[in-house]
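Taking it in order: structure first as structure tokens, then the write-up.
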Amino acid sequence: MGRWALDVAFVWKAALTLGLVLLYYCFSIGITFYNKWLTKSFHFPLFMTMLHLAVIFLFSALSRALVQCSSHKARVVLSWTDYLRRVAPTALATALDVGLSNWSFLYITVSLYTMTKSSAVLFILMFSLIFKLEELRAALVLVVLLIAGGLFMFTYKSTQFNVEGFALVLGASFIGGIRWTLTQILLQKADLGLQNPIDTMFHLQPLMFLGLFPLFAIFEGLHLSTSEKIFRFQDTGLLLWVLGSLLLGGILAFGLGFSEFLLVSRTSSLTLSIAGIFKEVCTLLLAAHLLGDQISLLNWLGFALCLSGISLHVALKALHSRGDGGPKPLKGLGSSADLELLLRSSQQEEEDGEEEYFVTQGQQ
């Protein structure tokens, strides 16, 4: 009887993990192809991103209200001083990362975007070393060389290479390094109380919106104001279709963050990282078959080399976590839609008996 119960429990846990991974894949891969699909007909990626941020804010505010009603516990609300001084830098970096990533879809293929965005690990490691969140080790140097070499091989003599789009997504990856370093520092500050992803999204979205607005006003404001798809519309049906499509992107973005949280809270952050590696493979295969992206043998070898570097980094994090006594139960997570990377919380939080939190990357 006991053996049977263990088998049932194992099958249930495996089925639950598989279901959560598939849910995460649907949102993560879906939003990547959604962004590429929409930017083919709607050439205002910054406006699209700002509307997504507004939708995420509304959903996170609604979620906070529902949780507060059910638990009868007030959610954290930061003071203006803490909000502007400690949250604003993270929000600005996040806004630029997401905005430039979506902007790049005007020029490059999904496959080149996926591969180049994976290079964010390089910049995250670089800024982690600068802010002394990581120690320089030979294994980290190997990770950097594998990913950098893989990126070079993937873009070398690519028939669908676009300099402008590549520069945008590479710039987004660079800013993403700053973003996730600042996010880790932000979440380590237990006094802020932003370990829960819903609270984090609620506080980040308004400043992200304001941070992205100047870029939108300069590069898209005038064109959007004269566009017949929004402000000078003549076909109400077309307007409703555009607004509905934009709303769908916001729902996908919020769903991505929430699915990441579910996956990590029910399994582990290592599961999310491993699932993220296979997600990149699925994205490239779908891009080649559905969108006709041209990927040569050299490009595939470069992608494999890059994934080996990311896998090595994940394995090193897992070994380091095991050396610290293994991962602890998770009650909160800060999340995004592009790259999944484990970032450990501070040693001081562990000594205070707080849970260890992990930050994952990957949105839009």
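Residues are referred to by chain and number: the chain letter is A, B, ... according to the order shown in the structure tokens, the number counts from 1 in that chain, and ligands are numbered separately from 1 in the order shown.
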
Contact table region 258-322 of chain A vs region 109-133 of chain A, cut-off 12 Å, shortest pair per residue, only C-alpha atoms, as a Markdown table:
| residue | atom | partner | partner_atom | distance |
| --- | --- | --- | --- | --- |
| A:Gly276 | CA | A:Ser118 | CA | 10.4 |
| A:Ile277 | CA | A:Ser118 | CA | 9.6 |
| A:Lys279 | CA | A:Thr114 | CA | 10.0 |
| A:Glu280 | CA | A:Thr114 | CA | 6.8 |
| A:Val281 | CA | A:Thr114 | CA | 9.3 |
| A:Cys282 | CA | A:Ser111 | CA | 10.4 |
| A:Thr283 | CA | A:Ser111 | CA | 7.4 |
| A:Leu284 | CA | A:Ser111 | CA | 5.3 |
| A:Leu285 | CA | A:Ser111 | CA | 8.6 |
| A:Leu286 | CA | A:Ser111 | CA | 9.0 |
| A:Ala287 | CA | A:Ser111 | CA | 6.1 |
| A:Ala288 | CA | A:Ser111 | CA | 7.7 |
| A:His289 | CA | A:Ser111 | CA | 11.1 |
| A:Leu290 | CA | A:Val110 | CA | 10.6 |
| A:Leu291 | CA | A:Val110 | CA | 8.4 |
| A:Gly292 | CA | A:Thr109 | CA | 9.4 |
| A:Asp293 | CA | A:Ser111 | CA | 6.7 |
| A:Gln294 | CA | A:Ser111 | CA | 8.6 |
| A:Ile295 | CA | A:Ser111 | CA | 8.0 |
| A:Ser296 | CA | A:Ser111 | CA | 11.5 |
| A:Asn299 | CA | A:Met115 | CA | 9.6 |
| A:Trp300 | CA | A:Met115 | CA | 10.1 |
| A:Leu301 | CA | A:Met115 | CA | 11.8 |
| A:Gly302 | CA | A:Met115 | CA | 9.1 |
| A:Phe303 | CA | A:Met115 | CA | 6.8 |
| A:Ala304 | CA | A:Met115 | CA | 10.2 |
| A:Leu305 | CA | A:Met115 | CA | 10.9 |
| A:Cys306 | CA | A:Ser118 | CA | 7.8 |
| A:Leu307 | CA | A:Ser118 | CA | 8.4 |
| A:Ser308 | CA | A:Ser118 | CA | 11.5 |
| A:Gly309 | CA | A:Val121 | CA | 9.3 |
| A:Ile310 | CA | A:Val121 | CA | 7.5 |
| A:Ser311 | CA | A:Val121 | CA | 11.1 |
| A:Leu312 | CA | A:Val121 | CA | 11.5 |
| A:His313 | CA | A:Val121 | CA | 8.9 |
| A:Val314 | CA | A:Val121 | CA | 10.7 |

Using only C-alpha atoms, find each residue in region 56-163 of chain A having at least one atom no more than 12 Å away from region 244-247 of chain A; report its shortest atom-to-atom pair and that distance in Å (one decimal), rows by chain then rising number, as CSV.
residue,atom,partner,partner_atom,distance
A:Ile56,CA,A:Leu247,CA,9.9
A:Leu58,CA,A:Leu247,CA,11.5
A:Phe59,CA,A:Leu247,CA,11.6

> CA of Phe42 (chain A) to CA of Leu106 (chain A): how many Å, to one decimal?
Replying inline: 9.4 Å

>> Excluding Leu243 (chain A) and its own-chain neighbours fewer than 5 positions away, which residues fall within 12 Å of it when counting only C-alpha atoms? Please give them as a PyMOL selection string.
In response: chain A and resi 38+42+47-48+51-52+55+229-231+233+236-238+248-250

> With only C-alpha atoms as the atoms that count, which of A:Phe44, A:Trp180, A:Tyr24, A:Trp80 lies nearest to Leu215 (chain A)?
Replying inline: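 Going through A:Phe44, A:Trp180, A:Tyr24, A:Trp80 one by one, the smallest distance to Leu215 (chain A) is for A:Phe44.
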
> Pick the closest to Leu194 (chain A) from A:Leu297, A:Leu240, A:Val76, A:Glu260: which is it, counting only C-alpha atoms?
Replying inline: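 Answer, going by the shortest atom-to-atom distance: A:Val76.
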
> Got a sec to tell me which of region 147-264 of chain A DSSP assigns to alpha helix (DSSP H), as a count of residues only?
Replying inline: 92

> Given the choices A:Ile147, A:Ile31, A:Val141, A:Leu78, which gets closest to Asn102 (chain A) if the distance is worked out from only C-alpha atoms?
Replying inline: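 Distance minimum relative to Asn102 (chain A) lands on A:Ile31.
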